[in-house]
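Some notes on the structure that comes next.
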Amino acid sequence: MAPRPVSPPVPARQQEGPSMASAMPMPPFDDEGPTEAMMPCPHCQRSFRQSALERHVGICQKVFQEKRKVFNAVKHAVPVEALKAKKAQERQEKQEKRAAGGPGARRPEEQPLKGMPNWKKKSEAFRQAIQQARMVDQYVKDGKPLSSLPAPPTDPALDDRVACPHCGRRFGQQQADRHIPFCASRSAKQRNHSRR
C-alpha cells in the first residue's frame with residue numbers, strides 16, 4: 001500500500017472585523033487582590049463587590065427574608081368537590097345515628113357490656129404466646145429442663161387450628177389436611193416397627 005499523501009495546509013480565513021477575543025482584552029492578573037472593594041450584605045453577611053452587592057441585596061431580601069406560605073398538600077391534592085362530598089357524608093352519618101338513637105334508645109354508656117371483642121382476645125393470646133416464647137428462651141439459656149415449664153394458657157375458642165389425633169400438634173386447616181395422613185402412616189410404621 002502506498003502511503004497517504006499529505007494534505008495541503010488550510011488557508012487562514014480573512015477576518016473582516018475584530019474578533020470577540022481581541023475586542024475584550026483580559027485585564028492583567030495582579031496578586032494584590034480585587035481592584036474593587038468588597039462590602040458585606042446587610043442580610044446574609046456575605047461579601048460582594050459594590051456593583052454585585054446592589055443586585056444581590058434585592059434578591060437576598062426577597063429569597064431569605066420573606067416568610068413563605070405554608071404549603072397545604074391536602075388542599076392541592078383533594079378537589080373541592082371531594083371535600084364537600086366528604087362533609088356531606090359525615091353530616092348524613094351523624095343524622096342517621098341521631099335518628100337511630102331516638103328518644104327511647106339507650107345511650108352508649110347505658111348499654112350492657114358484651115365482653116371483650118374477638119380482636120382483643122386474639123391480641124392478648126398473641127402477647128401471651130410471645131411471653132411464653134421468652135420464658136422458653138430463658139429456660140434454655142439457664143439450662144433448665146423444658147418439662148418444668150408451665151403449660152401455656154390457650155383459650156380454645158380462639159384457637160381455630162385442627163389438632164392431629166396422632167401427635168397432638170395443632171395445624172391450620174390446609175396444613176392439617178396434609179399432616180394428618182402423613183402422621184397416621186408414620187405412627188402406623190412406628191407401631192409395626194416396635195412390635196418386631
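Please note that chains go A, B, ... in the order of the C-alpha cells, that every chain numbers its residues from 1, and that ligands are numbered from 1 in the order shown.
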Could you name the residues that touch Ala151 (chain A) at 12 Å or less, counting only C-alpha atoms, but leaving out those on the same chain fewer than 5 positions away, as a PyMOL selection string?
-> chain A and resi 128-129+132-133+135-136+146
Nearest-residue call for Pro152 (chain A), choices A:Lys87, A:Arg127, A:His166, A:Arg68, using only C-alpha atoms | A:Arg127
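Distances here use only C-alpha atoms; by that measure, the residue among A:Lys189, A:Trp119, A:Arg161, A:Lys69 closest to Asp177 (chain A) is A:Arg161.
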Contacts of Ser51 (chain A) at 12 Å (only C-alpha atoms; same-chain gap of 6+ positions) as a ChimeraX atom specification | /A:36-39,57
Filtering to C-alpha atoms, could you give me those residues as a PDB file, in the first residue's frame?
```pdb
ATOM      1  CA  GLU A  36     -12.984  46.866  43.686  1.00  0.00           C
ATOM      2  CA  ALA A  37     -13.699  46.989  47.440  1.00  0.00           C
ATOM      3  CA  MET A  38     -15.724  44.121  48.980  1.00  0.00           C
ATOM      4  CA  MET A  39     -18.805  45.021  51.016  1.00  0.00           C
ATOM      5  CA  VAL A  57     -29.376  42.816  48.198  1.00  0.00           C
TER       6      VAL A  57
END
```
If you count only C-alpha atoms, which residues fall within 10 Å of Pro165 (chain A), apart from same-chain ones fewer than 6 positions away, as a PyMOL selection string?
-> chain A and resi 180+183-184
Using the selection just defined, write its residues with N, CA, C and O atoms as an mmCIF file, in the first residue's frame.
```
data_model
loop_
_atom_site.group_PDB
_atom_site.id
_atom_site.type_symbol
_atom_site.label_atom_id
_atom_site.label_comp_id
_atom_site.auth_asym_id
_atom_site.auth_seq_id
_atom_site.Cartn_x
_atom_site.Cartn_y
_atom_site.Cartn_z
ATOM 1 N N ILE A 180 -52.097 -34.831 58.767
ATOM 2 C CA ILE A 180 -52.750 -35.955 59.450
ATOM 3 C C ILE A 180 -52.545 -37.280 58.706
ATOM 4 O O ILE A 180 -52.164 -38.280 59.335
ATOM 5 N N CYS A 183 -48.903 -38.256 59.273
ATOM 6 C CA CYS A 183 -48.640 -38.633 60.667
ATOM 7 C C CYS A 183 -49.266 -40.006 60.956
ATOM 8 O O CYS A 183 -48.698 -40.805 61.706
ATOM 9 N N ALA A 184 -50.421 -40.283 60.374
ATOM 10 C CA ALA A 184 -51.073 -41.579 60.594
ATOM 11 C C ALA A 184 -50.206 -42.700 60.036
ATOM 12 O O ALA A 184 -49.998 -43.727 60.704
#
```
Would you list, as a VMD selection string, the residues of region 28-175 of chain A that end up in strand (DSSP E or B) under DSSP run on this structure's backbone?
-> chain A and resid 38 to 40 47 to 49 162 to 163 170 to 171
Can I get the selected residues back with N, CA and C atoms, as an mmCIF file, in the first residue's frame?
```cif
data_model
loop_
_atom_site.group_PDB
_atom_site.id
_atom_site.type_symbol
_atom_site.label_atom_id
_atom_site.label_comp_id
_atom_site.auth_asym_id
_atom_site.auth_seq_id
_atom_site.Cartn_x
_atom_site.Cartn_y
_atom_site.Cartn_z
ATOM 1 N N MET A 38 -14.698 45.102 48.631
ATOM 2 C CA MET A 38 -15.724 44.121 48.980
ATOM 3 C C MET A 38 -16.549 44.679 50.133
ATOM 4 N N MET A 39 -17.886 44.518 49.999
ATOM 5 C CA MET A 39 -18.805 45.021 51.016
ATOM 6 C C MET A 39 -19.688 43.864 51.491
ATOM 7 N N PRO A 40 -19.984 43.762 52.800
ATOM 8 C CA PRO A 40 -20.858 42.673 53.270
ATOM 9 C C PRO A 40 -22.325 42.999 53.019
ATOM 10 N N SER A 47 -19.814 38.663 51.490
ATOM 11 C CA SER A 47 -19.135 39.819 50.900
ATOM 12 C C SER A 47 -19.235 39.790 49.377
ATOM 13 N N PHE A 48 -19.488 40.958 48.806
ATOM 14 C CA PHE A 48 -19.608 41.112 47.364
ATOM 15 C C PHE A 48 -18.920 42.394 46.935
ATOM 16 N N ARG A 49 -18.569 42.470 45.621
ATOM 17 C CA ARG A 49 -18.103 43.734 45.065
ATOM 18 C C ARG A 49 -19.265 44.701 45.106
ATOM 19 N N VAL A 162 -56.644 -27.165 63.862
ATOM 20 C CA VAL A 162 -57.117 -28.553 63.966
ATOM 21 C C VAL A 162 -56.024 -29.370 64.664
ATOM 22 N N ALA A 163 -56.414 -30.139 65.669
ATOM 23 C CA ALA A 163 -55.448 -30.969 66.395
ATOM 24 C C ALA A 163 -55.250 -32.295 65.664
ATOM 25 N N ARG A 170 -51.115 -29.000 66.668
ATOM 26 C CA ARG A 170 -52.242 -28.272 66.074
ATOM 27 C C ARG A 170 -51.785 -27.577 64.795
ATOM 28 N N PHE A 171 -52.647 -27.574 63.773
ATOM 29 C CA PHE A 171 -52.320 -27.012 62.473
ATOM 30 C C PHE A 171 -53.503 -26.237 61.929
#
```
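Of note, CA of Ala188 (chain A) and CA of Gln174 (chain A) are spaced 22.2 Å apart.
Put simply, CA of Ser147 (chain A) is 21.1 Å away from CA of Cys164 (chain A).
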